[in-house]
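Structure record follows, encoded as structure tokens.
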Amino acid sequence: MDIFSKVRSLIVEQLDVDEEKVTTETTFEDIDADSLDVVELVMALEEEFDLEIADEEVENIKTVGDIVSYIEGKTAS
Amino acid sequence: MYKRVVVTGIGAVTPIGTGKDAFWENMYKGENGVKVIDHLRDFPTYMAATVDDFEPQDFMEKRDVKKMDRFTHFAQAAAQMAIDDAKMDLTKEDKERVGVIVGSGIGGLDTIEKQFKILLDKGPRRVSPFLVPMLIANMASGYISIAHGLRGPNTTLVTACASGSHSIGEAYRILQRGEADIMIAGGAEAPITSISFAGFCAARAMSTRNDQPEKASRPFDLQRDGFVMGEGAGVIILETEEHALNRNAPIYAEIVGYGMSGDAHHVTAPDPEGQGAYLCMQRALNDGNLSPDSVDYINTHGTSTEYNDKIETLAIKRLFKDQAYKMALSSTKSMIGHLLGAAGGVELVATLLSLQKGVVLPTINYEEPDPECDLDYTPNKPREREINVAMSNSFGFGGTNACLVVKKFNQEASGA
């Protein structure tokens with residue numbers, strides 16, 4: 001599975017949204033994720049991709065596409 | 001000038017039925033909800049009364065189910081059923097005058113256990129951001145108020161096995177003083193976890209009759225050897241009399257008395273003279289301007305422990321004298337086990353149904369009388385009896401006691 005698909009399935013699982021609703025343009029607001037949901041999602045991403053994502057870095061993430069780019073950046077090296 | 005307060009709706013999630021109809025039918029049949037719990041077989045007690053026919057998703061959004069502990073699932077379900085039972089359309093109510101008080105003895109214990117293990121195994125960065133809102137005991141009240149948009153008084157009483165009763169009592173006081181029009185009140189508990197069992201077993205509080213689980217909860221019986229744990233929630237809708245009459249609400253009964261006291265004796269054992277129980281029952285009667293002779297039925301705390309059952313009996317005899325031998329008593333815990341903080345809520349639901357239907361529910365598993373418990377506990381079979389005034393007792397660790405008195409609603413009678 002590519003990074004986008006993995007991220008999408010984590011979102012679907014945690015937030016109970018339909019898969020079709022999740023695109024690279026989707027924002028946290030679009031999927032009704034409050035601040036605690038975002039923290040939990042970040043934890044799931046850290047688990048899945050074996051990363052550490054600092055809170056300050058999360059501030060720059062606005063869309064699912066941003067999440068994917070961020071993970072690509074971290075895992076590229 | 002205090003307002004009169006009535007009960008207009010009831011909801012329950014119990015080990016012998018979800019919903020008032022299933023619950024009543026099974027209590028009437030004397031069903032027992034206790035069973036062996038396989039994953040607890042290493043413990044001295046490995047049986048409990050579990051809620052099995054229950055899907056949280058029937059009562060809340062799927063995504064919220066994961067963000068709530070089981071006790072909150074039970075509370076929300078029971079509250080929803082009570083609201084529906086009261087034929088209440090909350091969109092037509094002033095939600096700033098509708099409050100919630102749902103108590104719990106321990107709150108999200110299962111959540112604490114699971115997340116503590118994650119803390120130890122994976123470190124603090126893997127602990128859920130939802131841990132704190134899931135575990136705190138007031139989250140049942142919190143979630144119900146959020147789900148329905150209710151801005152009236154919002155609190156929780158945490159008094160161990162008396163939490164449900166105290167929560168209802170406090171809601172009653174709030175309505176008496178006119179600080180709200182409607183209160184949703186009761187108790188919820190989901191305590192069947194490893195740490196809970198380890199603690200109660202270590203304190204030697206629970207029955208070890210594991211080879212006969214359906215007979216283990218036997219209040220007032222000579223061979224009783226401790227309580228059996230249960231889980232669930234009981235929630236009722238209380239309203240001021242004028243509010244209920246204005247909207248033609250169905251009325252189960254009037255709440256006419258509430259008494260509280262402390263045993264001031266021991267953290268787990270009751271005072272040997274039953275003075276705490278005596279005082280809280282007396283205060284509830286005084287609160288309602290009622291004489292002991294007017295009480296037809298007591299839904300006892302009746303836990304099936306050696307001490308509670310004989311001391312509660314003693315306190316009842318001291319207060320009621322001859323009437324103690326004329327009234328009917330029973331213990332719902334014989335069928336559903338001890339629901340701890342939810343007991344007061346679920347047992348008041350049972351009491352209200354008994355009053356409405358004119359039937360005293362049985363104390364099942366009553367096989368050998370104990371000379372120290374010589375009252376009429378309605379052994380094994382239900383009995384028809386007109387109940388005008390009924391009392392419900394709940395006593396908790398720490399010596400905290402609660403007593404509620406309900407009475408058939410009579411509009412013409414003067415208030416207390």
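Identifiers for the structure tokens are assigned positionally: chains receive A, B, ... in sequence, residues are indexed from 1 per chain, and ligands are indexed from 1 in the order shown.
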
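For Asp18 (chain A), the set of protein, DNA and RNA residues having any atom at most 10 Å away, when counting only C-alpha atoms and skipping those fewer than 6 positions along the same chain, is Arg8, Ser9, Ile11, Val12 and Ile31 of chain A.
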
List as a tab-separated table every residue of chain B that is in contact with chain A, defined as an atom at most 10 Å from one of its atoms (using only C-alpha atoms), together with the nearest atom pair and the distance in Å rounded to one decimal, sorted by chain and then rising number.
```
residue	atom	partner	partner_atom	distance
B:Glu61	CA	A:Asp16	CA	9.3
B:Lys62	CA	A:Asp16	CA	7.0
B:Arg63	CA	A:Asp16	CA	5.7
B:Asp64	CA	A:Leu15	CA	8.9
B:Lys66	CA	A:Gln14	CA	8.7
B:Lys67	CA	A:Asp37	CA	9.5
B:Arg125	CA	A:Met43	CA	7.8
B:Arg126	CA	A:Met43	CA	6.6
B:Val127	CA	A:Met43	CA	8.9
B:Ser128	CA	A:Glu40	CA	6.6
B:Pro129	CA	A:Leu36	CA	5.9
B:Phe130	CA	A:Leu36	CA	6.9
```

File dump, residues just selected, C-alpha atoms, as a tab-separated table (two decimals), in the first residue's frame:
```
chain	number	residue	atom	x	y	z
B	61	GLU	CA	-22.36	7.58	17.05
B	62	LYS	CA	-19.88	4.84	16.18
B	63	ARG	CA	-16.93	7.23	16.35
B	64	ASP	CA	-17.94	8.28	19.87
B	66	LYS	CA	-14.37	4.36	21.05
B	67	LYS	CA	-13.91	7.65	22.88
B	125	ARG	CA	3.83	9.27	24.07
B	126	ARG	CA	1.45	6.40	23.31
B	127	VAL	CA	-1.12	7.14	25.98
B	128	SER	CA	-4.43	8.16	24.42
B	129	PRO	CA	-5.37	11.85	24.41
B	130	PHE	CA	-8.82	10.62	25.36
```

message: Residues near Thr363 (chain B), anyone? I mean within 8 Å using only C-alpha atoms, not counting same-chain ones fewer than 4 positions away, as a count of residues only.
response: 12

task: Find the residues near region 56-71 of chain A: any atom within 7 Å, counting only C-alpha atoms, skip ones fewer than 3 places away on the same chain, and give them as a count of residues only.
output: 11

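Nearest to Ile255 (chain B) of all the residues B:Met391, B:Met81, B:Ala216, B:Ile336 is B:Met391, counting only C-alpha atoms.
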
Which of region 266-330 of chain B fall in strand (DSSP E or B), as a PyMOL selection string: chain B and resi 297-299+328-330

Could you dump the residues just selected with N, CA and C atoms as an mmCIF file, in the first residue's frame?
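Wrote it out as result-v9.cif, contents follow:
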```cif
data_model
loop_
_atom_site.group_PDB
_atom_site.id
_atom_site.type_symbol
_atom_site.label_atom_id
_atom_site.label_comp_id
_atom_site.auth_asym_id
_atom_site.auth_seq_id
_atom_site.Cartn_x
_atom_site.Cartn_y
_atom_site.Cartn_z
ATOM 1 N N TYR B 297 -43.096 -1.121 51.379
ATOM 2 C CA TYR B 297 -42.074 -1.956 50.747
ATOM 3 C C TYR B 297 -40.714 -1.279 50.840
ATOM 4 N N ILE B 298 -39.683 -2.081 51.155
ATOM 5 C CA ILE B 298 -38.311 -1.567 51.097
ATOM 6 C C ILE B 298 -37.515 -2.383 50.083
ATOM 7 N N ASN B 299 -36.935 -1.674 49.113
ATOM 8 C CA ASN B 299 -35.962 -2.320 48.227
ATOM 9 C C ASN B 299 -34.624 -2.158 48.943
ATOM 10 N N ALA B 328 -43.263 -5.538 53.109
ATOM 11 C CA ALA B 328 -42.534 -6.475 52.252
ATOM 12 C C ALA B 328 -41.151 -5.880 51.982
ATOM 13 N N LEU B 329 -40.166 -6.753 51.865
ATOM 14 C CA LEU B 329 -38.823 -6.314 51.506
ATOM 15 C C LEU B 329 -38.319 -7.202 50.375
ATOM 16 N N SER B 330 -37.354 -6.735 49.648
ATOM 17 C CA SER B 330 -36.643 -7.635 48.731
ATOM 18 C C SER B 330 -35.330 -7.004 48.315
#
```

- prompt: Any idea what the distance is between CA of Glu306 (chain B) and CA of Glu372 (chain B)?
  reply: 10.3 Å

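When CA of Ile106 (chain B) is paired with CA of Ala140 (chain B), their separation reads 11.5 Å.
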
Shell around region 94-96 of chain B at 10 Å using only C-alpha atoms, local window under 3 positions removed, as a ChimeraX atom specification: /B:90-91,99,145,148-153,180-182
